[in-house]
Structure formats: C-alpha cells, structure tokens
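Shown below: protein.cif, with mmCIF, C-alpha atoms.
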```
data_coords
loop_
_atom_site.group_PDB
_atom_site.id
_atom_site.type_symbol
_atom_site.label_atom_id
_atom_site.label_comp_id
_atom_site.auth_asym_id
_atom_site.auth_seq_id
_atom_site.Cartn_x
_atom_site.Cartn_y
_atom_site.Cartn_z
ATOM 1 C CA MET S 1 17.421 -15.617 -15.298
ATOM 2 C CA PRO S 2 17.887 -17.590 -12.071
ATOM 3 C CA ALA S 3 16.331 -20.994 -11.555
ATOM 4 C CA TYR S 4 13.879 -21.295 -8.665
ATOM 5 C CA LEU S 5 13.024 -24.100 -6.275
ATOM 6 C CA GLY S 6 9.758 -24.643 -4.441
ATOM 7 C CA THR S 7 10.880 -24.089 -0.850
ATOM 8 C CA SER S 8 9.253 -25.052 2.457
ATOM 9 C CA LEU S 9 9.335 -22.380 5.147
ATOM 10 C CA TYR S 10 8.411 -22.747 8.824
ATOM 11 C CA GLY S 11 8.372 -26.539 8.620
ATOM 12 C CA GLY S 12 6.195 -26.528 5.496
ATOM 13 C CA ALA S 13 3.471 -24.213 6.870
ATOM 14 C CA ILE S 14 4.386 -21.751 4.092
ATOM 15 C CA VAL S 15 5.788 -22.577 0.674
ATOM 16 C CA CYS S 16 7.182 -20.319 -2.035
ATOM 17 C CA ASP S 17 9.759 -20.266 -4.801
ATOM 18 C CA LEU S 18 13.247 -19.046 -3.919
ATOM 19 C CA PRO S 19 16.319 -18.800 -6.167
ATOM 20 C CA GLU S 20 18.124 -22.148 -6.134
ATOM 21 C CA ASN S 21 21.468 -20.519 -5.297
ATOM 22 C CA PHE S 22 20.172 -19.327 -1.887
ATOM 23 C CA ALA S 23 21.045 -21.298 1.249
ATOM 24 C CA ASP S 24 19.100 -21.706 4.493
ATOM 25 C CA VAL S 25 21.078 -19.749 7.121
ATOM 26 C CA SER S 26 19.588 -21.869 9.953
ATOM 27 C CA LYS S 27 21.880 -24.703 8.791
ATOM 28 C CA LEU S 28 24.850 -22.439 9.666
ATOM 29 C CA ARG S 29 23.712 -20.506 12.727
ATOM 30 C CA GLN S 30 20.771 -19.977 15.071
ATOM 31 C CA VAL S 31 17.808 -18.091 13.558
ATOM 32 C CA PRO S 32 14.802 -16.925 15.646
ATOM 33 C CA ASP S 33 11.725 -19.196 15.363
ATOM 34 C CA THR S 34 9.756 -16.324 13.827
ATOM 35 C CA GLN S 35 12.259 -15.958 10.989
ATOM 36 C CA GLU S 36 13.479 -17.769 7.909
ATOM 37 C CA VAL S 37 16.760 -16.375 6.555
ATOM 38 C CA TRP S 38 18.187 -17.294 3.161
ATOM 39 C CA ILE S 39 21.460 -15.986 1.724
ATOM 40 C CA ASP S 40 22.910 -15.939 -1.776
ATOM 41 C CA LYS S 41 25.749 -18.483 -1.921
ATOM 42 C CA ASP S 42 27.380 -16.440 -4.705
ATOM 43 C CA GLY S 43 26.920 -12.925 -3.307
ATOM 44 C CA PHE S 44 25.737 -10.836 -0.386
ATOM 45 C CA THR S 45 21.951 -10.634 -0.899
ATOM 46 C CA SER S 46 19.701 -12.090 1.809
ATOM 47 C CA ILE S 47 15.978 -12.851 1.932
ATOM 48 C CA ILE S 48 14.355 -12.738 5.376
ATOM 49 C CA PHE S 49 10.821 -13.838 6.216
ATOM 50 C CA ASP S 50 9.633 -12.578 9.604
ATOM 51 C CA ILE S 51 6.300 -13.343 11.259
ATOM 52 C CA THR S 52 5.414 -10.570 13.709
ATOM 53 C CA ASP S 53 2.432 -9.363 15.665
ATOM 54 C CA ARG S 54 0.263 -7.042 13.599
ATOM 55 C CA VAL S 55 1.081 -3.398 14.310
ATOM 56 C CA GLY S 56 -1.158 -0.369 14.086
ATOM 57 C CA ALA S 57 -4.841 0.346 14.314
ATOM 58 C CA ALA S 58 -7.591 -2.092 13.367
ATOM 59 C CA GLY S 59 -8.858 -1.954 9.809
ATOM 60 C CA ARG S 60 -7.077 -1.556 6.538
ATOM 61 C CA GLY S 61 -6.273 1.043 3.965
ATOM 62 C CA PRO S 62 -3.264 2.935 2.671
ATOM 63 C CA GLU S 63 -3.079 5.232 5.712
ATOM 64 C CA ILE S 64 -3.297 2.498 8.394
ATOM 65 C CA ASP S 65 -1.125 0.050 6.463
ATOM 66 C CA GLY S 66 1.343 2.774 5.466
ATOM 67 C CA ARG S 67 1.867 3.667 9.118
ATOM 68 C CA ALA S 68 2.404 -0.033 9.891
ATOM 69 C CA MET S 69 5.049 -0.249 7.153
ATOM 70 C CA THR S 70 6.792 2.809 8.631
ATOM 71 C CA THR S 71 6.725 1.219 12.105
ATOM 72 C CA HIS S 72 8.289 -2.005 10.801
ATOM 73 C CA LEU S 73 10.953 -0.084 8.863
ATOM 74 C CA GLU S 74 11.842 1.959 11.965
ATOM 75 C CA ASP S 75 12.024 -1.244 14.047
ATOM 76 C CA MET S 76 14.379 -2.727 11.463
ATOM 77 C CA VAL S 77 16.847 0.162 11.149
ATOM 78 C CA GLY S 78 16.480 1.630 14.648
ATOM 79 C CA THR S 79 18.194 4.946 15.245
ATOM 80 C CA ASP S 80 19.634 4.885 11.714
ATOM 81 C CA ILE S 81 16.251 5.807 10.175
ATOM 82 C CA ASP S 82 17.733 9.106 8.955
ATOM 83 C CA THR S 83 20.170 7.111 6.771
ATOM 84 C CA VAL S 84 17.248 5.550 4.846
ATOM 85 C CA LYS S 85 15.726 6.942 1.656
ATOM 86 C CA ILE S 86 12.465 5.469 0.344
ATOM 87 C CA TRP S 87 12.313 5.376 -3.454
ATOM 88 C CA ASN S 88 9.061 3.618 -4.185
ATOM 89 C CA THR S 89 6.001 2.126 -2.488
ATOM 90 C CA ALA S 90 3.276 0.101 -4.152
ATOM 91 C CA GLU S 91 0.334 -2.143 -3.377
ATOM 92 C CA THR S 92 1.235 -5.778 -3.927
ATOM 93 C CA GLU S 93 -0.824 -8.867 -4.684
ATOM 94 C CA PHE S 94 -0.045 -12.388 -3.495
ATOM 95 C CA THR S 95 -1.791 -14.367 -6.235
ATOM 96 C CA ARG S 96 -1.870 -17.795 -4.485
ATOM 97 C CA LEU S 97 -3.440 -16.629 -1.214
ATOM 98 C CA GLU S 98 -7.109 -17.547 -0.927
ATOM 99 C CA SER S 99 -7.977 -14.392 0.977
ATOM 100 C CA LYS S 100 -6.823 -11.192 -0.685
ATOM 101 C CA ALA S 101 -4.938 -9.791 2.293
ATOM 102 C CA PRO S 102 -3.572 -6.273 1.862
ATOM 103 C CA ALA S 103 0.096 -6.165 0.984
ATOM 104 C CA TYR S 104 2.546 -3.389 0.191
ATOM 105 C CA THR S 105 6.122 -3.217 -1.006
ATOM 106 C CA LEU S 106 8.689 -0.485 -0.627
ATOM 107 C CA ILE S 107 12.129 -0.047 -2.092
ATOM 108 C CA ALA S 108 14.582 1.920 0.021
ATOM 109 C CA THR S 109 18.304 2.412 0.400
ATOM 110 C CA GLN S 110 20.318 2.764 3.562
ATOM 111 C CA THR S 111 23.689 4.486 3.419
ATOM 112 C CA PRO S 112 26.190 3.976 6.249
ATOM 113 C CA ARG S 113 26.971 7.078 8.274
ATOM 114 C CA ALA S 114 30.210 8.753 7.258
ATOM 115 C CA GLY S 115 33.085 7.326 9.271
ATOM 116 C CA ILE S 116 31.199 4.244 10.457
ATOM 117 C CA ALA S 117 32.592 1.009 9.093
ATOM 118 C CA ARG S 118 34.160 2.936 6.216
ATOM 119 C CA GLY S 119 37.603 1.720 5.371
ATOM 120 C CA SER S 120 36.526 -1.865 5.912
ATOM 121 C CA ALA S 121 36.897 -3.689 2.614
ATOM 122 C CA SER S 122 33.456 -5.287 2.911
ATOM 123 C CA ALA S 123 31.533 -2.234 4.168
ATOM 124 C CA PRO S 124 28.791 -1.500 1.610
ATOM 125 C CA ASP S 125 28.525 1.818 -0.213
ATOM 126 C CA PHE S 126 24.813 1.381 0.473
ATOM 127 C CA THR S 127 22.277 -1.390 1.011
ATOM 128 C CA ALA S 128 19.111 -1.595 -1.059
ATOM 129 C CA ILE S 129 16.149 -2.875 0.958
ATOM 130 C CA ILE S 130 12.992 -4.307 -0.582
ATOM 131 C CA ILE S 131 10.330 -4.868 2.057
ATOM 132 C CA THR S 132 6.987 -6.519 1.409
ATOM 133 C CA LEU S 133 4.420 -6.324 4.203
ATOM 134 C CA LEU S 134 1.595 -8.889 4.114
ATOM 135 C CA ARG S 135 -1.163 -8.030 6.602
ATOM 136 C CA LEU S 136 -3.168 -10.928 8.009
ATOM 137 C CA GLU S 137 -5.571 -8.969 10.184
ATOM 138 C CA ARG S 138 -7.810 -11.959 11.010
ATOM 139 C CA HIS S 139 -4.753 -13.681 12.492
ATOM 140 C CA ASN S 140 -3.371 -10.506 14.128
ATOM 141 C CA THR S 141 -0.177 -11.111 12.148
ATOM 142 C CA ASP S 142 2.118 -9.211 9.816
ATOM 143 C CA ILE S 143 4.514 -11.118 7.583
ATOM 144 C CA LEU S 144 7.548 -9.102 6.538
ATOM 145 C CA ILE S 145 9.610 -10.265 3.593
ATOM 146 C CA THR S 146 12.836 -8.278 3.400
ATOM 147 C CA ILE S 147 15.465 -8.567 0.699
ATOM 148 C CA ASN S 148 18.718 -6.865 1.692
ATOM 149 C CA VAL S 149 21.075 -6.078 -1.175
ATOM 150 C CA PRO S 150 24.447 -4.707 0.009
ATOM 151 C CA HIS S 151 26.324 -2.836 -2.713
ATOM 152 C CA ILE S 152 30.028 -3.306 -1.980
ATOM 153 C CA LYS S 153 32.603 -1.396 -4.011
ATOM 154 C CA GLY S 154 34.001 -3.609 -6.755
ATOM 155 C CA GLU S 155 31.048 -6.021 -6.547
ATOM 156 C CA TYR S 156 28.668 -3.965 -8.703
ATOM 157 C CA ASP S 157 28.801 -1.560 -11.641
ATOM 158 C CA GLU S 158 28.399 1.885 -10.075
ATOM 159 C CA GLU S 159 27.404 3.409 -13.420
ATOM 160 C CA GLU S 160 24.402 1.062 -13.663
ATOM 161 C CA VAL S 161 22.880 2.302 -10.383
ATOM 162 C CA ASP S 162 21.165 5.679 -10.119
ATOM 163 C CA LEU S 163 17.801 5.317 -8.439
ATOM 164 C CA GLU S 164 16.970 8.977 -8.998
ATOM 165 C CA LEU S 165 17.122 8.231 -12.732
ATOM 166 C CA GLY S 166 15.349 4.890 -12.310
ATOM 167 C CA LYS S 167 18.519 2.842 -12.943
ATOM 168 C CA GLN S 168 18.440 -0.101 -10.531
ATOM 169 C CA GLY S 169 21.438 -2.081 -11.699
ATOM 170 C CA LYS S 170 21.666 -5.874 -11.789
ATOM 171 C CA LEU S 171 21.625 -6.590 -8.036
ATOM 172 C CA ILE S 172 18.466 -4.583 -7.313
ATOM 173 C CA GLY S 173 16.875 -5.810 -10.552
ATOM 174 C CA ASP S 174 17.462 -9.410 -9.444
ATOM 175 C CA ALA S 175 16.017 -8.670 -5.980
ATOM 176 C CA VAL S 176 12.873 -7.143 -7.531
ATOM 177 C CA GLU S 177 12.516 -10.317 -9.608
ATOM 178 C CA TYR S 178 12.916 -12.489 -6.463
ATOM 179 C CA SER S 179 10.174 -10.428 -4.788
ATOM 180 C CA ALA S 180 7.820 -10.808 -7.748
ATOM 181 C CA ARG S 181 8.381 -14.578 -7.772
ATOM 182 C CA ILE S 182 7.591 -14.747 -4.033
ATOM 183 C CA TRP S 183 4.354 -12.750 -4.580
ATOM 184 C CA LYS S 184 3.323 -15.203 -7.307
ATOM 185 C CA SER S 185 4.270 -18.406 -5.493
ATOM 186 C CA LEU S 186 3.761 -17.899 -1.741
ATOM 187 C CA LYS S 187 1.065 -20.147 -0.309
ATOM 188 C CA ILE S 188 0.077 -20.644 3.330
ATOM 189 C CA LYS S 189 -0.589 -24.350 3.861
ATOM 190 C CA ASP S 190 -1.058 -24.340 7.643
ATOM 191 C CA TRP S 191 -2.852 -21.304 9.091
ATOM 192 C CA GLY S 192 -2.235 -22.794 12.551
ATOM 193 C CA LEU S 193 1.236 -21.274 12.263
ATOM 194 C CA PHE S 194 -0.333 -17.978 13.351
ATOM 195 C CA GLY S 195 -2.078 -19.391 16.440
ATOM 196 C CA GLU S 196 -5.775 -18.957 17.137
ATOM 197 C CA SER S 197 -7.629 -16.574 14.829
#
```
Take the structure in the file and write it out as structure tokens.
Amino acid sequence: MPAYLGTSLYGGAIVCDLPENFADVSKLRQVPDTQEVWIDKDGFTSIIFDITDRVGAAGRGPEIDGRAMTTHLEDMVGTDIDTVKIWNTAETEFTRLESKAPAYTLIATQTPRAGIARGSASAPDFTAIIITLLRLERHNTDILITINVPHIKGEYDEEEVDLELGKQGKLIGDAVEYSARIWKSLKIKDWGLFGES
C-alpha cells in the first residue's frame, strides 16, 4: 500500500493526499495555471487536477451532470472519442467538503487506433482513464480529477487485466485507490480560487 503525503495544490487553496512517489510536473515543465499535474516517479501514471468553467445546464441531477461528464470526456479525447470505452460510472462523495457538491466518477479505457504510434516501444496497448467530476455550481466551476494509467507491453501483467470480467490489474487497482484517497482527503481552503460566487 503506497504512503501518502498531504499535498498543497494551487498555492495551498486546495489540499489533498497524493502518493508520496508522485512528482509535481510544474517543476519540470510549464503547466497551465488551471492545472496541477503529478506523475509517478516509478511508472507512467499521472494525476491531473483541472479547474474549468462549469459546463451544461443549470441545476443538478444524473442527467444534467452526466451530460457534463460526457462533454468533458469529449473535450479531453477530441476526435478519438470512438476509441474510448466506458466501463463504470458512479456517484462520488468528497467527505471533507463542507457543502455536499455533486460528484461523479467514471472508469474508461482508450485504445490507440491501429497503425498509430504502434511499433513505438513506449506506445501503450491502452490507457485506463479514471475521471472524477466535482461540480461547484455556486462558483460556476467544475473540477476534473483525471488519473491516466498507460498500459505499456512488458510493464503490466496482461493476464491480470480483463475489464469485461472485472479484473482491473495492479495499475488500475492502484489508481482507484488514489482516487478514493483524494475523495476522502480533498479540502478547499480558499474558495477565492474560483473567483466571485
């Protein structure tokens, strides 16, 4: 089980626990102000926090919020949406937030198109994507927390992964655990981060 560190995001406006073996990408390269990007020093998994304008109609509920999740997913993968398969969606609770904002998580996989980037030693067989959408309607904000888990041949046990049979394998299992720890530990300390409400 990985060790976690209380981690400041966005200059301390948000705090949550992240695995201690993840490094802040902004120390290596430019990252947009709306994002925090963390990468596994021992692997290929990344955790991305992204503060965006709220999408979709006013109000809340599975239909409105589900459409918003679809919009964010399409924005993320662009024209490759047909290479994505969604395996699971669920309502999610952030236990340290004072207001019980609606939140949802989906687990999907994206498989590279045949012929694209194949043959490259580091091209993944597929990438598992765990997206949590936290909807802060009062602040007209969506927070997306995306964990990308590339599965590169030789770097994972192919026999352990069969999502149709519910076999996630170690890499996806770890990413689900990271997500659950974020849901339990994330706290917003400075609501001014989201501008005027």
Subject >> the PyMOL selection byres ((chain S and resi 6) around 8) resolved against shown file, as a VMD selection string >> reply: chain S and resid 4 to 5 7 to 8 15 to 18
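If you measure from each of S:Tyr156, S:Phe44, S:Trp183, S:Trp38 to Thr105 (chain S) using all atoms listed in the file, the closest one turns out to be S:Trp183.
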Each residue of region 108-147 of chain S with at least one atom at most 7 Å from region 84-89 of chain S should appear once, together with its nearest atom pair and the corresponding distance in Å (one decimal); atoms considered: all atoms listed in the file; ordering: chain, then increasing residue number; output as CSV.
```
residue,atom,partner,partner_atom,distance
S:Ala108,CA,S:Ile86,CA,4.1
S:Thr109,CA,S:Lys85,CA,5.4
S:Gln110,CA,S:Val84,CA,4.3
S:Thr111,CA,S:Val84,CA,6.7
```
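Candidate residues S:Leu97, S:Val176, S:Ala3, S:Leu106 were compared for distance to Gly66 (chain S), and the nearest is S:Leu106, using only C-alpha atoms.
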Subject >> 10 Å contact set for Arg96 (chain S), all atoms listed in the file, chain neighbours under 2 positions out, as a ChimeraX atom specification >> reply: /S:16,93-94,98-100,182-188
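On the file presented, the PyMOL selection byres ((chain S and resi 170) around 9) picks out Tyr156, Asp157, Glu160, Val161, Gln168, Gly169, Leu171, Ile172, Gly173, Asp174 and Ala175 of chain S.
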Original post:
In file coordinates, which residues lie within 6 Å of (17.5, -2.9, -2.6) using all atoms listed in the file, given as a VMD selection string?
Top reply: chain S and resid 128 to 130 148 to 149 172
**OP:** Tell me, as a ChimeraX atom specification, which residues lie within 9 Å of region 72-82 of chain S, counting only C-alpha atoms; anything in the same chain fewer than 2 positions away does not count.
**Re:** /S:55,67-70,84-85,110,112-113,131,133,144
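Among S:Thr83, S:Val25, S:Ile107, S:Arg60, the residue with the shortest atom-to-atom distance to Leu163 (chain S), counting all atoms listed in the file, is S:Ile107.
For the structure in this document, the set picked by the PyMOL selection byres ((chain S and resi 135) around 8) is Arg54, Ala101, Pro102, Ala103, Leu133, Leu134, Leu136, Glu137, Thr141, Asp142 and Ile143 of chain S.
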Please produce a file of those selected residues containing C-alpha atoms, as a tab-separated table (two decimals), in the frame of the given file.
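The result, stored in out-v6.tsv:
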```tsv
chain	number	residue	atom	x	y	z
S	54	ARG	CA	0.26	-7.04	13.60
S	101	ALA	CA	-4.94	-9.79	2.29
S	102	PRO	CA	-3.57	-6.27	1.86
S	103	ALA	CA	0.10	-6.16	0.98
S	133	LEU	CA	4.42	-6.32	4.20
S	134	LEU	CA	1.60	-8.89	4.11
S	136	LEU	CA	-3.17	-10.93	8.01
S	137	GLU	CA	-5.57	-8.97	10.18
S	141	THR	CA	-0.18	-11.11	12.15
S	142	ASP	CA	2.12	-9.21	9.82
S	143	ILE	CA	4.51	-11.12	7.58
```
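Each of S:Asn21, S:Asn140, S:Thr127, S:Ser26 was compared to Thr52 (chain S) using only C-alpha atoms, and S:Asn140 turns out to be the nearest.
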Box for region 107-112 of chain S - axis-aligned, 5 Å on each of the six sides, all listed atoms - centre and size in Å to one decimal, as AutoDock Vina command-line options.
```
--center_x 19.2 --center_y 2.2 --center_z 2.1 --size_x 24.1 --size_y 14.5 --size_z 18.3
```
Original post:
CA of Thr45 (chain S) to CA of Phe22 (chain S): how many Å, to one decimal?
Top reply: 8.9 Å
**OP:** Give the answer as one residue: which of S:Ala90, S:Leu9, S:Ile39, S:Ala123 has the shortest atom-to-atom distance to Ile152 (chain S), using all atoms listed in the file?
**Re:** S:Ala123
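CA of Gly12 (chain S) lies 18.6 Å from CA of Gln30 (chain S).
Ranking S:Glu91, S:Glu177, S:Asp50, S:Asp42 by their shortest atom-to-atom distance to Pro62 (chain S), with all atoms listed in the file included, puts S:Glu91 first.
Separating CA of Ile48 (chain S) from CA of Leu165 (chain S) is a distance of 27.8 Å.
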